[in-house]
file query-v2.txt (compact mmCIF, C-alpha atoms)
# COMPACT_ATOMS: atom_id res chain seq x y z
CA MET A 856 101.42 8.08 55.53
CA SER A 857 101.19 4.41 56.30
CA ASN A 858 98.68 1.84 57.46
CA ASN A 859 100.08 -1.57 58.23
CA ASP A 860 97.18 -3.70 56.95
CA ASN A 861 93.57 -3.63 55.82
CA SER A 862 92.12 -4.77 59.16
CA PHE A 863 91.72 -2.28 61.97
CA GLY A 864 91.94 -4.87 64.73
CA SER A 865 90.45 -4.54 68.18
CA MET A 866 89.60 -1.43 70.15
CA ARG A 867 90.90 -3.33 73.18
CA GLU A 868 94.36 -2.24 71.97
CA TRP A 869 93.37 1.43 72.34
CA THR A 870 93.65 3.62 75.43
CA ILE A 871 91.87 6.99 75.45
CA VAL A 872 93.13 9.61 77.90
CA VAL A 873 90.44 12.23 78.52
CA ASN A 874 91.05 15.59 80.19
CA PRO A 875 87.59 16.49 81.56
CA ALA A 876 88.81 19.98 82.51
CA SER A 877 89.72 20.90 78.91
CA SER A 878 87.73 23.43 76.91
CA GLY A 879 86.89 25.27 80.12
CA GLY A 880 85.44 22.09 81.63
CA ARG A 881 83.05 21.42 78.76
CA THR A 882 84.76 18.14 77.84
CA ARG A 883 83.37 16.61 81.05
CA SER A 884 79.83 16.91 79.71
CA THR A 885 80.50 16.30 76.00
CA TRP A 886 82.73 13.22 76.33
CA PRO A 887 79.97 10.57 76.96
CA SER A 888 78.17 11.39 73.71
CA LEU A 889 81.48 11.68 71.85
CA PHE A 890 82.53 8.22 73.05
CA GLU A 891 79.18 6.78 72.00
CA GLN A 892 79.68 8.27 68.54
CA LEU A 893 83.25 6.92 68.42
CA CYS A 894 82.02 3.40 69.18
CA LYS A 895 79.36 3.60 66.47
CA VAL A 896 81.84 4.74 63.83
CA ALA A 897 84.34 2.07 64.92
CA GLU A 898 81.68 -0.60 64.54
CA GLN A 899 80.74 0.69 61.07
CA MET A 900 84.41 0.57 60.03
CA GLY A 901 84.77 -3.06 61.13
CA TYR A 902 86.66 -2.80 64.41
CA ASP A 903 86.46 -5.73 66.79
CA HIS A 904 85.11 -4.94 70.28
CA PRO A 905 84.27 -1.32 69.33
CA THR A 906 82.99 -0.41 72.80
CA GLU A 907 85.94 -1.87 74.70
CA ALA A 908 88.64 0.78 74.33
CA ARG A 909 90.11 1.61 77.72
CA VAL A 910 89.06 5.11 78.81
CA ILE A 911 90.88 6.89 81.64
CA GLU A 912 90.62 10.47 82.88
CA SER A 913 93.48 12.75 83.85
CA THR A 914 93.05 14.42 87.22
CA GLY A 915 95.53 17.28 87.13
CA LEU A 916 98.65 18.73 85.56
CA GLY A 917 101.04 15.98 84.48
CA THR A 918 98.80 13.01 85.26
CA ALA A 919 98.10 12.24 81.58
CA THR A 920 101.82 11.50 81.14
CA GLU A 921 101.90 8.75 83.77
CA LEU A 922 98.58 7.32 82.58
CA THR A 923 100.03 7.05 79.07
CA ARG A 924 103.26 5.41 80.25
CA ASN A 925 101.31 2.84 82.22
CA ALA A 926 99.02 2.12 79.26
CA LEU A 927 101.95 1.59 76.88
CA ARG A 928 103.70 -0.70 79.36
CA ASP A 929 100.45 -2.66 79.62
CA GLY A 930 100.49 -3.21 75.86
CA ALA A 931 98.40 -0.39 74.36
CA LYS A 932 99.13 0.08 70.66
CA VAL A 933 97.26 3.38 70.30
CA VAL A 934 96.89 6.12 72.92
CA VAL A 935 94.47 8.94 72.09
CA ALA A 936 94.52 12.35 73.79
CA VAL A 937 91.11 13.98 74.25
CA GLY A 938 91.56 17.60 75.30
CA GLY A 939 93.58 20.61 74.24
CA ASP A 940 97.16 21.03 73.12
CA GLY A 941 98.37 20.74 76.70
CA THR A 942 96.70 17.34 77.07
CA LEU A 943 98.19 16.18 73.77
CA SER A 944 101.62 17.31 74.95
CA GLU A 945 101.30 15.41 78.23
CA VAL A 946 100.20 12.24 76.44
CA MET A 947 103.08 12.63 73.98
CA GLU A 948 105.51 12.91 76.89
CA GLY A 949 104.14 9.62 78.19
CA PHE A 950 105.43 7.84 75.08
CA PHE A 951 108.98 8.52 76.32
CA GLU A 952 110.90 6.89 79.11
CA PRO A 953 111.26 9.40 81.99
CA ASP A 954 114.05 11.94 81.39
CA LYS A 955 115.16 10.17 78.19
CA ASP A 956 114.73 10.50 74.42
CA GLU A 957 113.89 6.78 74.08
CA LEU A 958 110.32 5.69 73.34
CA ILE A 959 108.61 3.02 75.45
CA ASN A 960 107.22 1.37 72.29
CA GLU A 961 108.38 2.62 68.89
CA ASP A 962 105.47 0.89 67.15
CA ALA A 963 102.76 2.56 69.21
CA ALA A 964 100.89 5.56 67.76
CA ILE A 965 99.43 8.69 69.29
CA GLY A 966 95.98 9.97 68.28
CA TYR A 967 94.28 13.29 68.96
CA LEU A 968 90.66 14.34 69.38
CA GLN A 969 90.87 18.08 69.88
CA SER A 970 88.68 19.47 72.67
CA GLY A 971 90.56 22.49 73.97
CA THR A 972 90.89 26.26 73.78
CA GLY A 973 93.72 27.02 71.38
CA SER A 974 93.73 24.33 68.64
CA ASP A 975 97.20 25.46 67.61
CA PHE A 976 98.63 22.02 66.92
CA ARG A 977 95.64 21.16 64.71
CA ARG A 978 96.48 24.23 62.67
CA SER A 979 100.19 23.32 62.54
CA LEU A 980 99.21 19.90 61.20
CA GLY A 981 97.10 21.56 58.51
CA TRP A 982 93.89 19.94 59.72
CA LYS A 983 90.69 21.81 58.96
CA ASN A 984 88.17 22.53 61.71
CA ASP A 985 86.17 19.46 60.66
CA GLY A 986 82.98 18.21 62.22
CA MET A 987 83.15 15.43 64.78
CA GLN A 988 82.23 12.69 62.28
CA GLU A 989 85.18 13.61 60.06
CA MET A 990 87.53 13.78 63.07
CA LEU A 991 86.48 10.31 64.22
CA VAL A 992 86.87 8.75 60.77
CA ARG A 993 90.34 10.28 60.43
CA LEU A 994 91.31 8.88 63.82
CA LEU A 995 89.89 5.41 63.20
CA ARG A 996 91.46 5.10 59.72
CA LYS A 997 94.71 4.84 61.70
CA GLN A 998 96.96 6.23 58.98
CA THR A 999 100.21 7.33 60.57
CA ARG A 1000 103.17 9.55 59.88
CA LYS A 1001 106.29 10.09 61.98
CA LEU A 1002 106.59 13.58 63.48
CA ASP A 1003 109.61 15.49 64.69
CA ILE A 1004 109.61 16.03 68.45
CA CYS A 1005 111.60 18.65 70.36
CA GLY A 1006 113.56 17.76 73.46
CA SER A 1007 114.36 20.29 76.16
CA CYS A 1008 116.29 20.67 79.39
CA PHE A 1009 115.14 23.60 81.49
CA THR A 1010 114.79 25.07 84.95
CA GLY A 1011 111.57 24.05 86.66
CA ILE A 1012 109.49 26.41 88.76
CA ASP A 1013 111.08 24.77 91.82
CA GLY A 1014 114.57 25.71 90.58
CA GLN A 1015 115.54 22.13 89.68
CA MET A 1016 116.70 21.13 86.19
CA ARG A 1017 114.09 19.13 84.29
CA ARG A 1018 113.86 17.30 80.96
CA ARG A 1019 110.73 17.27 78.83
CA HIS A 1020 109.61 17.09 75.21
CA PHE A 1021 107.22 19.28 73.29
CA ILE A 1022 105.37 18.66 70.06
CA ASN A 1023 104.44 22.13 68.77
CA MET A 1024 106.25 25.08 70.33
CA SER A 1025 108.01 26.48 73.37
CA SER A 1026 108.40 30.16 74.08
CA CYS A 1027 109.75 32.41 76.80
CA GLY A 1028 109.22 35.99 77.79
CA VAL A 1029 105.93 37.82 77.45
CA SER A 1030 104.28 34.93 75.55
CA ALA A 1031 104.82 32.56 78.48
CA THR A 1032 103.37 35.11 80.89
CA ILE A 1033 100.36 35.46 78.58
CA ALA A 1034 99.95 31.67 78.40
CA LYS A 1035 100.00 31.45 82.19
CA LEU A 1036 97.29 34.09 82.53
CA ALA A 1037 95.22 32.50 79.76
CA ASN A 1038 95.27 29.12 81.51
CA GLU A 1039 94.57 30.52 84.96
CA LYS A 1040 92.00 33.23 84.29
CA TYR A 1041 90.48 33.51 80.83
CA LYS A 1042 89.88 30.09 79.23
CA MET A 1043 86.09 30.41 79.49
CA PHE A 1044 86.10 33.16 76.84
CA GLY A 1045 87.08 30.98 73.84
CA PRO A 1046 90.33 30.89 71.83
CA HIS A 1047 90.84 34.38 70.38
CA LEU A 1048 89.34 36.43 73.21
CA THR A 1049 91.17 34.34 75.84
CA TYR A 1050 94.60 35.23 74.45
CA ILE A 1051 93.74 38.85 73.67
CA MET A 1052 92.55 39.45 77.24
CA ALA A 1053 95.57 37.64 78.67
CA SER A 1054 97.84 39.78 76.47
CA PHE A 1055 96.82 42.97 78.27
CA GLY A 1056 97.76 41.50 81.64
CA GLY A 1057 100.90 39.85 80.26
CA PHE A 1058 102.40 43.03 78.86
CA MET A 1059 101.57 44.93 82.05
CA GLN A 1060 103.53 42.38 84.11
CA PHE A 1061 106.44 41.97 81.71
CA SER A 1062 109.91 43.56 81.52
CA PRO A 1063 112.36 43.00 78.60
CA PHE A 1064 115.34 40.78 79.34
CA LYS A 1065 118.85 39.99 78.12
CA VAL A 1066 119.96 36.56 76.91
CA ARG A 1067 122.91 34.75 75.37
CA ILE A 1068 121.94 32.25 72.66
CA LYS A 1069 124.09 29.49 71.18
CA VAL A 1070 122.86 27.97 67.92
CA ASP A 1071 124.28 24.57 66.92
CA GLU A 1072 128.12 24.72 67.05
CA ARG A 1073 128.40 28.50 66.86
CA ASP A 1074 129.49 30.83 69.67
CA PHE A 1075 127.06 32.46 72.08
CA VAL A 1076 125.51 35.74 70.86
CA GLU A 1077 124.06 38.33 73.24
CA HIS A 1078 120.61 39.83 72.67
CA ASP A 1079 119.33 42.85 74.66
CA GLU A 1080 115.81 44.13 75.26
CA VAL A 1081 114.23 40.80 74.27
CA THR A 1082 110.43 40.57 74.43
CA LEU A 1083 109.79 37.03 73.23
CA ILE A 1084 111.72 33.97 72.10
CA ALA A 1085 109.92 31.12 70.32
CA ILE A 1086 111.39 27.67 69.63
CA CYS A 1087 109.14 26.32 66.93
CA ASN A 1088 108.36 22.85 65.64
CA GLY A 1089 104.89 23.93 64.50
CA GLN A 1090 103.71 27.24 63.05
CA PHE A 1091 100.92 28.38 65.39
CA PHE A 1092 100.55 29.41 69.00
CA GLY A 1093 98.37 31.63 71.19
CA GLY A 1094 95.00 30.50 69.87
CA GLY A 1095 95.66 30.73 66.15
CA MET A 1096 98.57 33.15 65.75
CA ARG A 1097 100.85 31.98 62.93
CA ILE A 1098 104.08 33.14 64.48
CA CYS A 1099 106.44 30.98 62.37
CA PRO A 1100 105.26 30.25 58.81
CA PRO A 1101 108.50 28.42 57.78
CA ALA A 1102 108.23 25.80 60.57
CA ASP A 1103 107.73 22.21 59.41
CA LEU A 1104 106.83 19.24 61.64
CA TYR A 1105 108.75 16.82 59.43
CA ASP A 1106 111.95 18.57 58.28
CA GLY A 1107 114.30 17.72 61.17
CA TYR A 1108 114.84 21.33 62.25
CA ILE A 1109 113.79 23.78 64.94
CA HIS A 1110 113.01 27.36 64.00
CA LEU A 1111 114.16 30.00 66.49
CA ILE A 1112 112.53 33.43 66.56
CA VAL A 1113 113.80 36.26 68.77
CA TYR A 1114 111.61 39.36 69.02
CA LYS A 1115 112.82 42.67 70.41
CA GLY A 1116 111.09 45.98 70.96
CA ILE A 1117 107.50 44.74 71.05
CA ASP A 1118 105.03 46.57 73.26
CA LEU A 1119 101.30 45.99 73.67
CA LEU A 1120 100.36 48.45 70.93
CA THR A 1121 102.77 46.83 68.44
CA PHE A 1122 101.39 43.43 69.32
CA LEU A 1123 97.74 44.44 68.96
CA THR A 1124 98.31 46.17 65.61
CA SER A 1125 100.04 43.01 64.37
CA LEU A 1126 97.18 40.71 65.40
CA PRO A 1127 95.30 40.85 62.07
CA LYS A 1128 98.46 39.70 60.27
CA LEU A 1129 99.13 36.92 62.82
CA LEU A 1130 95.56 35.64 62.89
CA GLY A 1131 95.31 36.00 59.12
CA GLY A 1132 98.18 33.57 58.67
CA GLU A 1133 100.92 35.92 57.46
CA GLY A 1134 103.03 35.68 60.61
CA ILE A 1135 105.95 37.74 61.98
CA VAL A 1136 105.09 40.64 64.27
CA GLU A 1137 106.33 44.00 63.04
CA SER A 1138 109.20 44.74 65.42
CA ASN A 1139 112.35 46.79 65.76
CA SER A 1140 114.33 43.58 65.50
CA VAL A 1141 113.43 40.03 64.50
CA LEU A 1142 115.87 37.12 64.31
CA LEU A 1143 114.77 33.92 62.55
CA GLU A 1144 117.08 30.89 62.40
CA LYS A 1145 116.78 27.24 61.37
CA LEU A 1146 118.76 24.91 63.62
CA LYS A 1147 119.24 21.53 65.29
CA THR A 1148 120.19 22.60 68.83
CA CYS A 1149 119.80 25.76 70.87
CA ASP A 1150 121.11 26.92 74.27
CA ILE A 1151 119.51 30.00 75.91
CA GLN A 1152 121.21 31.52 78.95
CA VAL A 1153 120.16 34.52 81.04
CA GLU A 1154 122.05 36.86 83.35
CA ASP A 1155 122.26 35.86 87.00
CA LYS A 1156 119.84 38.63 88.00
CA ASP A 1157 117.18 37.18 85.64
CA LYS A 1158 117.57 33.49 86.52
CA GLY A 1159 114.25 32.12 87.68
CA LYS A 1160 112.41 35.24 86.48
CA VAL A 1161 111.89 34.74 82.72
CA ASN A 1162 108.85 32.49 82.28
CA MET A 1163 108.86 29.69 79.70
CA GLU A 1164 105.98 27.61 78.33
CA LEU A 1165 105.97 24.29 76.50
CA ASP A 1166 102.96 23.57 74.28
CA GLY A 1167 101.00 26.28 76.09
CA GLU A 1168 101.72 25.15 79.65
CA SER A 1169 103.79 27.53 81.82
CA ILE A 1170 105.95 25.09 83.75
CA ALA A 1171 109.49 26.48 83.46
CA VAL A 1172 111.87 29.42 83.55
CA LEU A 1173 115.12 30.16 81.75
CA PRO A 1174 117.90 29.00 81.24
CA ALA A 1175 117.08 26.13 78.84
CA GLN A 1176 118.48 23.96 76.06
CA PHE A 1177 116.63 22.48 73.07
CA HIS A 1178 117.24 19.81 70.42
CA ILE A 1179 115.28 18.12 67.63
CA LEU A 1180 114.38 14.42 67.36
CA HIS A 1181 113.72 13.78 63.67
CA GLU A 1182 110.80 11.51 62.69
CA LYS A 1183 110.51 10.30 66.26
CA LEU A 1184 106.83 9.60 67.01
CA LYS A 1185 104.08 7.92 64.99
CA MET A 1186 100.92 10.01 64.89
CA ILE A 1187 97.55 9.12 63.43
CA MET A 1188 96.90 11.66 60.68

call {"tool": "encode", "arguments": {"input": "query-v2.txt", "output": "structure tokens"}}
result
Amino acid sequence: MSNNDNSFGSMREWTIVVNPASSGGRTRSTWPSLFEQLCKVAEQMGYDHPTEARVIESTGLGTATELTRNALRDGAKVVVAVGGDGTLSEVMEGFFEPDKDELINEDAAIGYLQSGTGSDFRRSLGWKNDGMQEMLVRLLRKQTRKLDICGSCFTGIDGQMRRRHFINMSSCGVSATIAKLANEKYKMFGPHLTYIMASFGGFMQFSPFKVRIKVDERDFVEHDEVTLIAICNGQFFGGGMRICPPADLYDGYIHLIVYKGIDLLTFLTSLPKLLGGEGIVESNSVLLEKLKTCDIQVEDKDKGKVNMELDGESIAVLPAQFHILHEKLKMIM
């Protein structure tokens, strides 16, 4: 980790992007007191102008990305996401030029105050579920480390090819259907219950699919009866399920997991292991690979039908391609 100097500078250089709809809408009511506490801690730590950070609210899916881009182009040195993993992912995307792997400002840093349902990226970072005071001090210390970021090219819901980055994980198949249901119907029930309830509906709607996967420079390999594919930068998804224990946010690799033969009963009986941190659902077939690039193709009959999520947001369908950007983005740790 690094910190450039002993002075923390001015909060005028900070932009805070708040998603008031996160945590089932609770962030809307908790943010004013949280900001007051942030200003007090900043003043105690010696920041100049501790009450003058720029605060802006996102107003819908994708708006946090444009707000972040505008802030960075206006000279912000730190942009903080306040919300869940989806908000963090949108703010992260705003650090990049549209449809490119180039950053708007390589010296700028991203911060995170978690206020969402899943908390999966916090777990992937190894952060404990600290109290708010500890979270604020960690943020305001401004110690940074460069994270790997995953790039992707995929089919949008509208059928057009899109480019986007993700910071923790992307998955397709039943997990993306579950994520969609969790976001649309069950977020008010809290992290574990939200994803368990969504799982029942997800498996009822889901049918196994066939894919061809190309890893790095190797040939395509066919996989039948696939239930779930996860492209992992972090270890956790689905509200605390440790699906990929070997994943590392700093090692310059993606981890690919292909699950076959999972039904609802298999999934539910594996939950204690997943939530307990052991990882890997018991399945008829599990493929785990460490790679730099990945290309996932589906049969013509399945194009536009296999859902895909990025950092918990269901915004895509297969086919898709993925690549890793090693040590790409500075994050306050």

call {"tool": "closest_residue", "arguments": {"input": "query-v2.txt", "among": "A:Gly966, A:Pro887, A:Gly1167, A:Gly1028", "to": "Thr923 (chain A)", "atoms": "only C-alpha atoms"}}
result
A:Gly966

call {"tool": "atom_distance", "arguments": {"input": "query-v2.txt", "atom1": "CA of Gly880 (chain A)", "atom2": "CA of Gly917 (chain A)"}}
result
17.0 Å

call {"tool": "residues_around", "arguments": {"input": "query-v2.txt", "residues": "Lys895 (chain A)", "least_positions_apart": "6", "cutoff": "10 Å", "atoms": "all atoms listed in the file", "output": "list in words"}}
result
Leu889, Tyr902, Pro905 and Thr906 of chain A

call {"tool": "atom_distance", "arguments": {"input": "query-v2.txt", "atom1": "CA of Met900 (chain A)", "atom2": "CA of Met990 (chain A)"}}
result
13.9 Å

call {"tool": "residues_around", "arguments": {"input": "query-v2.txt", "residues": "Gly1089 (chain A)", "least_positions_apart": "5", "cutoff": "8 Å", "atoms": "all atoms listed in the file", "output": "PyMOL selection string"}}
result
chain A and resi 976+979-980+1022-1024+1099+1102-1104
